[in-house]
>>> print(open('upload.cif').read())   # mmCIF, C-alpha atoms
data_coords
loop_
_atom_site.group_PDB
_atom_site.id
_atom_site.type_symbol
_atom_site.label_atom_id
_atom_site.label_comp_id
_atom_site.auth_asym_id
_atom_site.auth_seq_id
_atom_site.Cartn_x
_atom_site.Cartn_y
_atom_site.Cartn_z
ATOM 1 C CA MET A 26 -44.035 -14.049 26.586
ATOM 2 C CA PRO A 27 -40.615 -12.800 25.308
ATOM 3 C CA LYS A 28 -40.703 -10.695 22.165
ATOM 4 C CA LEU A 29 -37.832 -12.597 20.544
ATOM 5 C CA SER A 30 -37.838 -16.252 19.635
ATOM 6 C CA ALA A 31 -35.445 -19.041 18.710
ATOM 7 C CA ALA A 32 -37.677 -20.085 15.842
ATOM 8 C CA ALA A 33 -37.703 -16.988 13.608
ATOM 9 C CA PRO A 34 -36.348 -13.432 13.580
ATOM 10 C CA PHE A 35 -38.545 -10.566 14.742
ATOM 11 C CA VAL A 36 -38.778 -8.379 11.620
ATOM 12 C CA HIS A 37 -40.318 -4.967 12.268
ATOM 13 C CA ASP A 38 -42.698 -3.175 9.921
ATOM 14 C CA GLY A 39 -41.195 -1.797 6.756
ATOM 15 C CA ALA A 40 -38.030 -3.894 6.892
ATOM 16 C CA GLU A 41 -36.852 -5.587 3.698
ATOM 17 C CA VAL A 42 -35.047 -8.920 4.006
ATOM 18 C CA THR A 43 -33.735 -10.821 0.974
ATOM 19 C CA ARG A 44 -31.447 -13.857 0.613
ATOM 20 C CA SER A 45 -30.507 -13.790 4.301
ATOM 21 C CA THR A 46 -30.417 -16.280 7.174
ATOM 22 C CA PHE A 47 -30.962 -15.890 10.898
ATOM 23 C CA GLY A 48 -30.032 -17.732 14.059
ATOM 24 C CA ALA A 49 -32.016 -17.715 17.289
ATOM 25 C CA TYR A 50 -33.321 -14.537 18.975
ATOM 26 C CA CYS A 51 -32.520 -12.148 16.126
ATOM 27 C CA GLU A 52 -34.228 -8.846 15.337
ATOM 28 C CA VAL A 53 -34.426 -6.568 12.287
ATOM 29 C CA GLY A 54 -35.488 -2.985 13.027
ATOM 30 C CA LYS A 55 -38.175 -0.883 11.390
ATOM 31 C CA GLY A 56 -37.324 0.148 7.845
ATOM 32 C CA ALA A 57 -34.030 -1.768 7.839
ATOM 33 C CA ARG A 58 -32.761 -3.382 4.665
ATOM 34 C CA VAL A 59 -30.880 -6.675 4.902
ATOM 35 C CA SER A 60 -29.635 -8.549 1.842
ATOM 36 C CA ASN A 61 -27.381 -11.539 1.226
ATOM 37 C CA SER A 62 -26.392 -11.593 4.900
ATOM 38 C CA GLU A 63 -26.230 -13.880 7.917
ATOM 39 C CA PHE A 64 -27.312 -12.953 11.430
ATOM 40 C CA MET A 65 -25.921 -15.414 13.962
ATOM 41 C CA ASP A 66 -27.720 -16.040 17.275
ATOM 42 C CA TYR A 67 -28.860 -12.918 19.175
ATOM 43 C CA ALA A 68 -27.600 -10.499 16.503
ATOM 44 C CA TYR A 69 -29.839 -7.530 15.763
ATOM 45 C CA CYS A 70 -29.992 -4.269 13.875
ATOM 46 C CA ASP A 71 -31.958 -1.186 14.817
ATOM 47 C CA GLN A 72 -34.188 0.921 12.573
ATOM 48 C CA TYR A 73 -33.108 1.878 9.059
ATOM 49 C CA ALA A 74 -29.851 -0.047 9.161
ATOM 50 C CA ASP A 75 -28.697 -1.121 5.687
ATOM 51 C CA ILE A 76 -26.720 -4.366 5.727
ATOM 52 C CA ALA A 77 -25.504 -6.159 2.612
ATOM 53 C CA ASN A 78 -23.182 -9.117 2.010
ATOM 54 C CA THR A 79 -22.317 -9.374 5.697
ATOM 55 C CA THR A 80 -21.993 -11.947 8.454
ATOM 56 C CA LEU A 81 -22.989 -10.648 11.886
ATOM 57 C CA GLY A 82 -21.551 -12.639 14.786
ATOM 58 C CA LYS A 83 -23.470 -13.692 17.863
ATOM 59 C CA PHE A 84 -24.710 -10.801 20.031
ATOM 60 C CA ALA A 85 -23.740 -8.196 17.411
ATOM 61 C CA ASN A 86 -25.380 -4.853 18.245
ATOM 62 C CA ILE A 87 -26.012 -2.726 15.150
ATOM 63 C CA ALA A 88 -27.411 0.751 15.812
ATOM 64 C CA ALA A 89 -29.854 2.773 13.724
ATOM 65 C CA PHE A 90 -28.964 4.264 10.328
ATOM 66 C CA THR A 91 -25.781 2.233 9.969
ATOM 67 C CA ARG A 92 -24.503 1.017 6.610
ATOM 68 C CA ILE A 93 -22.520 -2.217 6.470
ATOM 69 C CA GLY A 94 -21.091 -3.551 3.225
ATOM 70 C CA PRO A 95 -22.315 -0.657 1.044
ATOM 71 C CA THR A 96 -22.399 -1.734 -2.556
ATOM 72 C CA ASP A 97 -20.156 -0.188 -5.166
ATOM 73 C CA HIS A 98 -20.392 1.131 -8.719
ATOM 74 C CA PRO A 99 -18.178 0.353 -11.745
ATOM 75 C CA TYR A 100 -16.160 3.542 -11.416
ATOM 76 C CA LYS A 101 -13.385 2.442 -13.808
ATOM 77 C CA ASN A 102 -15.823 2.233 -16.731
ATOM 78 C CA ALA A 103 -16.982 5.061 -18.987
ATOM 79 C CA SER A 104 -20.041 5.412 -16.734
ATOM 80 C CA LEU A 105 -20.767 4.241 -13.212
ATOM 81 C CA HIS A 106 -24.573 4.456 -13.539
ATOM 82 C CA HIS A 107 -27.147 1.720 -12.860
ATOM 83 C CA PHE A 108 -27.842 1.248 -16.544
ATOM 84 C CA LEU A 109 -24.581 -0.706 -16.910
ATOM 85 C CA TYR A 110 -25.710 -3.537 -14.642
ATOM 86 C CA ARG A 111 -29.457 -3.021 -14.029
ATOM 87 C CA SER A 112 -29.970 -2.805 -17.760
ATOM 88 C CA SER A 113 -33.398 -4.493 -17.772
ATOM 89 C CA TYR A 114 -34.775 -1.458 -15.917
ATOM 90 C CA TYR A 115 -34.060 0.693 -18.978
ATOM 91 C CA TRP A 116 -34.536 -1.542 -22.039
ATOM 92 C CA GLU A 117 -37.012 -4.354 -22.598
ATOM 93 C CA ASP A 118 -34.521 -6.413 -24.574
ATOM 94 C CA ALA A 119 -31.499 -5.917 -22.289
ATOM 95 C CA GLU A 120 -30.430 -8.251 -19.495
ATOM 96 C CA ASP A 121 -28.866 -7.322 -16.158
ATOM 97 C CA ASP A 122 -25.154 -8.034 -15.704
ATOM 98 C CA PRO A 123 -24.884 -11.189 -13.536
ATOM 99 C CA ALA A 124 -21.085 -11.028 -13.303
ATOM 100 C CA PHE A 125 -21.241 -7.579 -11.722
ATOM 101 C CA PHE A 126 -23.771 -8.681 -9.111
ATOM 102 C CA ALA A 127 -21.791 -11.846 -8.339
ATOM 103 C CA ALA A 128 -18.600 -9.829 -7.782
ATOM 104 C CA ARG A 129 -20.466 -7.358 -5.581
ATOM 105 C CA SER A 130 -21.990 -10.150 -3.446
ATOM 106 C CA ALA A 131 -18.593 -11.814 -2.970
ATOM 107 C CA ARG A 132 -17.126 -8.746 -1.229
ATOM 108 C CA ARG A 133 -18.298 -9.705 2.249
ATOM 109 C CA SER A 134 -17.929 -7.865 5.540
ATOM 110 C CA THR A 135 -17.602 -9.732 8.843
ATOM 111 C CA ILE A 136 -18.736 -8.398 12.207
ATOM 112 C CA GLY A 137 -17.509 -10.409 15.218
ATOM 113 C CA HIS A 138 -19.284 -11.639 18.331
ATOM 114 C CA ASP A 139 -20.415 -9.134 20.998
ATOM 115 C CA THR A 140 -19.653 -6.110 18.843
ATOM 116 C CA TRP A 141 -21.271 -2.676 18.848
ATOM 117 C CA VAL A 142 -21.572 -0.591 15.697
ATOM 118 C CA GLY A 143 -22.743 2.912 16.638
ATOM 119 C CA HIS A 144 -25.408 5.129 15.095
ATOM 120 C CA GLY A 145 -24.744 6.146 11.517
ATOM 121 C CA ALA A 146 -21.457 4.278 11.183
ATOM 122 C CA ILE A 147 -20.365 2.949 7.780
ATOM 123 C CA ILE A 148 -18.348 -0.234 7.362
ATOM 124 C CA LYS A 149 -16.942 -0.792 3.899
ATOM 125 C CA PRO A 150 -17.055 -4.118 2.025
ATOM 126 C CA GLU A 151 -14.427 -6.760 2.843
ATOM 127 C CA VAL A 152 -13.754 -5.252 6.276
ATOM 128 C CA SER A 153 -13.572 -7.464 9.376
ATOM 129 C CA ILE A 154 -14.558 -6.193 12.820
ATOM 130 C CA GLY A 155 -13.034 -8.361 15.575
ATOM 131 C CA ASN A 156 -14.907 -9.863 18.496
ATOM 132 C CA GLY A 157 -15.820 -7.380 21.208
ATOM 133 C CA ALA A 158 -14.878 -4.310 19.162
ATOM 134 C CA ILE A 159 -16.781 -1.007 19.253
ATOM 135 C CA VAL A 160 -17.270 1.283 16.247
ATOM 136 C CA ALA A 161 -18.184 4.812 17.337
ATOM 137 C CA SER A 162 -21.182 6.680 15.943
ATOM 138 C CA GLY A 163 -20.516 8.254 12.567
ATOM 139 C CA ALA A 164 -17.262 6.381 11.970
ATOM 140 C CA VAL A 165 -16.291 5.257 8.484
ATOM 141 C CA VAL A 166 -14.410 1.977 8.752
ATOM 142 C CA THR A 167 -12.172 1.214 5.775
ATOM 143 C CA LYS A 168 -9.737 -1.238 7.417
ATOM 144 C CA ASP A 169 -10.017 -4.268 9.687
ATOM 145 C CA VAL A 170 -10.576 -3.590 13.384
ATOM 146 C CA ALA A 171 -8.754 -5.695 15.986
ATOM 147 C CA PRO A 172 -10.751 -7.586 18.620
ATOM 148 C CA TYR A 173 -11.838 -5.485 21.624
ATOM 149 C CA MET A 174 -10.628 -2.257 20.027
ATOM 150 C CA ILE A 175 -12.644 0.981 20.063
ATOM 151 C CA VAL A 176 -12.398 2.950 16.809
ATOM 152 C CA ALA A 177 -13.782 6.348 15.779
ATOM 153 C CA GLY A 178 -13.470 8.990 13.098
ATOM 154 C CA VAL A 179 -13.342 9.368 9.315
ATOM 155 C CA PRO A 180 -11.578 7.223 8.402
ATOM 156 C CA ALA A 181 -11.861 5.240 11.623
ATOM 157 C CA THR A 182 -8.716 4.910 13.726
ATOM 158 C CA PRO A 183 -8.118 3.110 17.036
ATOM 159 C CA LEU A 184 -8.850 5.086 20.206
ATOM 160 C CA ARG A 185 -8.068 2.506 22.849
ATOM 161 C CA ALA A 186 -8.603 -1.102 23.837
ATOM 162 C CA ARG A 187 -11.937 -1.931 25.435
ATOM 163 C CA TYR A 188 -10.296 -3.837 28.316
ATOM 164 C CA PRO A 189 -6.958 -3.672 30.185
ATOM 165 C CA ASP A 190 -4.167 -6.009 29.068
ATOM 166 C CA GLY A 191 -5.007 -9.684 29.341
ATOM 167 C CA ILE A 192 -8.765 -9.339 29.783
ATOM 168 C CA ALA A 193 -9.634 -9.608 26.092
ATOM 169 C CA GLU A 194 -7.678 -12.843 25.680
ATOM 170 C CA ARG A 195 -9.419 -14.340 28.703
ATOM 171 C CA MET A 196 -12.814 -13.270 27.387
ATOM 172 C CA GLU A 197 -12.037 -14.897 24.053
ATOM 173 C CA ALA A 198 -11.141 -18.108 25.852
ATOM 174 C CA LEU A 199 -14.321 -18.009 27.921
ATOM 175 C CA ALA A 200 -16.421 -17.496 24.755
ATOM 176 C CA TRP A 201 -19.617 -16.910 26.726
ATOM 177 C CA TRP A 202 -21.434 -16.204 23.435
ATOM 178 C CA ASP A 203 -21.465 -19.962 22.867
ATOM 179 C CA TRP A 204 -23.333 -20.643 26.116
ATOM 180 C CA SER A 205 -26.831 -22.073 25.990
ATOM 181 C CA HIS A 206 -29.873 -19.838 26.382
ATOM 182 C CA ALA A 207 -30.495 -21.352 29.814
ATOM 183 C CA THR A 208 -26.900 -20.712 30.948
ATOM 184 C CA LEU A 209 -27.117 -17.090 29.826
ATOM 185 C CA LYS A 210 -30.279 -16.653 31.886
ATOM 186 C CA HIS A 211 -28.601 -18.256 34.918
ATOM 187 C CA ALA A 212 -25.698 -15.779 34.632
ATOM 188 C CA LEU A 213 -27.896 -12.736 33.856
ATOM 189 C CA THR A 214 -27.457 -11.124 37.275
ATOM 190 C CA ASP A 215 -23.682 -11.381 36.987
ATOM 191 C CA PHE A 216 -23.684 -10.047 33.401
ATOM 192 C CA ARG A 217 -25.491 -7.000 34.764
ATOM 193 C CA ALA A 218 -23.545 -6.448 37.973
ATOM 194 C CA LEU A 219 -19.970 -7.649 37.538
ATOM 195 C CA PRO A 220 -17.181 -5.842 35.688
ATOM 196 C CA ALA A 221 -15.447 -7.940 33.060
ATOM 197 C CA GLU A 222 -12.533 -9.123 35.213
ATOM 198 C CA ALA A 223 -14.777 -10.149 38.111
ATOM 199 C CA PHE A 224 -17.058 -11.957 35.680
ATOM 200 C CA LEU A 225 -14.083 -13.869 34.303
ATOM 201 C CA GLU A 226 -12.875 -14.812 37.776
ATOM 202 C CA LYS A 227 -16.268 -16.302 38.553
ATOM 203 C CA TYR A 228 -16.850 -18.217 35.304
ATOM 204 C CA GLU A 229 -13.404 -19.252 34.020
#
>>> encode(input="upload.cif", output="C-alpha cells")
Amino acid sequence: MPKLSAAAPFVHDGAEVTRSTFGAYCEVGKGARVSNSEFMDYAYCDQYADIANTTLGKFANIAAFTRIGPTDHPYKNASLHHFLYRSSYYWEDAEDDPAFFAARSARRSTIGHDTWVGHGAIIKPEVSIGNGAIVASGAVVTKDVAPYMIVAGVPATPLRARYPDGIAERMEALAWWDWSHATLKHALTDFRALPAEAFLEKYE
C-alpha cells in the first residue's frame, strides 16, 4: 500500500498545519509548520520546513529547515515587538490587530511546478519561483526567479539555466505535471532513465 494518498495529505508527527489546503499525494514533514498555504498535487515539504502564505505548485520539492514566506514585523513603528499586534497575549482587555495580520497574510509567495528548494533556503514574501527552478541550499531569495533557473547565494543570484536553450520552453509546453496519476506511472521508467531532451522527443 503506498504511503501517500489522493484523499488526504500525509502529515508527520509534530507538524502544525493551519488554514491550509492540499491536493493529491501531498506530504508534510516531521515538525514542519504550514499556515495559510496551498499545496497542489504531489507537493511536499521535508522536516522542520516553515511555510506561510504560500502556494506550492505541483511536484514542488521543499527540503528540510527551509523558510518560505517568513512573516514580518512593523519595523517602521516605535517598536516592532509582538505586543503591537498580538496584544491579547499581554493584556486581558486588549485585542489583537486584525489589520496587521490581514496585511501579512496577503503578502503571498508562489513556488512553481517541479521546483526544488534546497536545505535551509529562505524565500521572502511576495517572491515567485518559476516552474522547474532550483534554489540552492542556504540561499536567501529576495527577488523573483525565472523558470528553470538555478539560483544560489545571499542574496540569491542566477548561476545557470537548468536546461540548454529551447528545452525549458518545450517542457513547459509538455506540462507533464498535469498528467493523470496513471499516466505518470506508465511513464515512470522513462522519467527515471531518459534525459530531458530524450523524454521530450518521446512524449511531445
>>> residues_around(input="upload.cif", residues="region 165-181 of chain A", least_positions_apart="5", cutoff="12 Å", atoms="only C-alpha atoms", output="PyMOL selection string")
chain A and resi 91-95+134-160+186-197
>>> atom_distance(input="upload.cif", atom1="CA of Leu209 (chain A)", atom2="CA of Pro34 (chain A)")
19.0 Å
>>> resolve_selection(input="upload.cif", expression="the PyMOL selection byres ((chain A and resi 44-58) around 8)", output="JSON, numbers by chain")
{"A": [29, 30, 31, 32, 33, 34, 35, 36, 37, 38, 39, 40, 41, 42, 43, 59, 60, 61, 62, 63, 64, 65, 66, 67, 68, 69, 70, 71, 72, 73, 74, 75, 76]}
>>> atom_distance(input="upload.cif", atom1="CA of Phe84 (chain A)", atom2="CA of Leu213 (chain A)")
14.3 Å
>>> atom_distance(input="upload.cif", atom1="CA of Ser112 (chain A)", atom2="CA of Ala131 (chain A)")
20.7 Å
>>> closest_residue(input="upload.cif", among="A:Asp118, A:Trp202, A:Ala161, A:His106", to="Ala85 (chain A)", atoms="only C-alpha atoms")
A:Trp202
>>> axis_aligned_box(input="upload.cif", around="region 164-182 of chain A", padding_each_side="8 Å", output="JSON")
{"center_x": -13.0, "center_y": 0.9, "center_z": 13.7, "size_x": 24.5, "size_y": 33.0, "size_z": 31.8}
>>> closest_residue(input="upload.cif", among="A:Thr182, A:Thr79, A:Ser205, A:Asn102", to="Ser130 (chain A)", atoms="only C-alpha atoms")
A:Thr79
>>> build_atoms(input="upload.cif", residues="region 109-126 of chain A", atoms="N, CA and C atoms", output="PDB file, in the frame of the given file")
ATOM      1  N   LEU A 109     -25.575   0.281 -16.515  1.00  0.00           N
ATOM      2  CA  LEU A 109     -24.581  -0.706 -16.910  1.00  0.00           C
ATOM      3  C   LEU A 109     -24.925  -2.100 -16.426  1.00  0.00           C
ATOM      4  N   TYR A 110     -25.485  -2.201 -15.220  1.00  0.00           N
ATOM      5  CA  TYR A 110     -25.710  -3.537 -14.642  1.00  0.00           C
ATOM      6  C   TYR A 110     -27.171  -3.827 -14.316  1.00  0.00           C
ATOM      7  N   ARG A 111     -28.009  -2.817 -14.156  1.00  0.00           N
ATOM      8  CA  ARG A 111     -29.457  -3.021 -14.029  1.00  0.00           C
ATOM      9  C   ARG A 111     -30.122  -2.671 -15.356  1.00  0.00           C
ATOM     10  N   SER A 112     -29.593  -3.216 -16.403  1.00  0.00           N
ATOM     11  CA  SER A 112     -29.970  -2.805 -17.760  1.00  0.00           C
ATOM     12  C   SER A 112     -31.424  -3.097 -18.083  1.00  0.00           C
ATOM     13  N   SER A 113     -32.002  -4.147 -17.490  1.00  0.00           N
ATOM     14  CA  SER A 113     -33.398  -4.493 -17.772  1.00  0.00           C
ATOM     15  C   SER A 113     -34.369  -3.424 -17.285  1.00  0.00           C
ATOM     16  N   TYR A 114     -33.920  -2.549 -16.396  1.00  0.00           N
ATOM     17  CA  TYR A 114     -34.775  -1.458 -15.917  1.00  0.00           C
ATOM     18  C   TYR A 114     -34.981  -0.405 -17.010  1.00  0.00           C
ATOM     19  N   TYR A 115     -34.074  -0.388 -17.996  1.00  0.00           N
ATOM     20  CA  TYR A 115     -34.060   0.693 -18.978  1.00  0.00           C
ATOM     21  C   TYR A 115     -34.439   0.253 -20.392  1.00  0.00           C
ATOM     22  N   TRP A 116     -34.210  -1.028 -20.710  1.00  0.00           N
ATOM     23  CA  TRP A 116     -34.536  -1.542 -22.039  1.00  0.00           C
ATOM     24  C   TRP A 116     -35.211  -2.902 -21.923  1.00  0.00           C
ATOM     25  N   GLU A 117     -36.271  -3.093 -22.672  1.00  0.00           N
ATOM     26  CA  GLU A 117     -37.012  -4.354 -22.598  1.00  0.00           C
ATOM     27  C   GLU A 117     -36.179  -5.534 -23.074  1.00  0.00           C
ATOM     28  N   ASP A 118     -35.284  -5.310 -23.997  1.00  0.00           N
ATOM     29  CA  ASP A 118     -34.521  -6.413 -24.574  1.00  0.00           C
ATOM     30  C   ASP A 118     -33.100  -6.513 -24.016  1.00  0.00           C
ATOM     31  N   ALA A 119     -32.831  -5.851 -22.895  1.00  0.00           N
ATOM     32  CA  ALA A 119     -31.499  -5.917 -22.289  1.00  0.00           C
ATOM     33  C   ALA A 119     -31.570  -6.714 -20.987  1.00  0.00           C
ATOM     34  N   GLU A 120     -30.518  -7.472 -20.730  1.00  0.00           N
ATOM     35  CA  GLU A 120     -30.430  -8.251 -19.495  1.00  0.00           C
ATOM     36  C   GLU A 120     -29.512  -7.554 -18.493  1.00  0.00           C
ATOM     37  N   ASP A 121     -29.772  -7.813 -17.199  1.00  0.00           N
ATOM     38  CA  ASP A 121     -28.866  -7.322 -16.158  1.00  0.00           C
ATOM     39  C   ASP A 121     -27.514  -8.026 -16.278  1.00  0.00           C
ATOM     40  N   ASP A 122     -26.512  -7.492 -15.622  1.00  0.00           N
ATOM     41  CA  ASP A 122     -25.154  -8.034 -15.704  1.00  0.00           C
ATOM     42  C   ASP A 122     -24.898  -8.958 -14.507  1.00  0.00           C
ATOM     43  N   PRO A 123     -25.033 -10.278 -14.675  1.00  0.00           N
ATOM     44  CA  PRO A 123     -24.884 -11.189 -13.536  1.00  0.00           C
ATOM     45  C   PRO A 123     -23.478 -11.216 -12.961  1.00  0.00           C
ATOM     46  N   ALA A 124     -22.468 -11.005 -13.795  1.00  0.00           N
ATOM     47  CA  ALA A 124     -21.085 -11.028 -13.303  1.00  0.00           C
ATOM     48  C   ALA A 124     -20.838  -9.876 -12.333  1.00  0.00           C
ATOM     49  N   PHE A 125     -21.412  -8.717 -12.628  1.00  0.00           N
ATOM     50  CA  PHE A 125     -21.241  -7.579 -11.722  1.00  0.00           C
ATOM     51  C   PHE A 125     -21.875  -7.863 -10.371  1.00  0.00           C
ATOM     52  N   PHE A 126     -23.089  -8.400 -10.374  1.00  0.00           N
ATOM     53  CA  PHE A 126     -23.771  -8.681  -9.111  1.00  0.00           C
ATOM     54  C   PHE A 126     -23.070  -9.788  -8.321  1.00  0.00           C
TER      55      PHE A 126
END
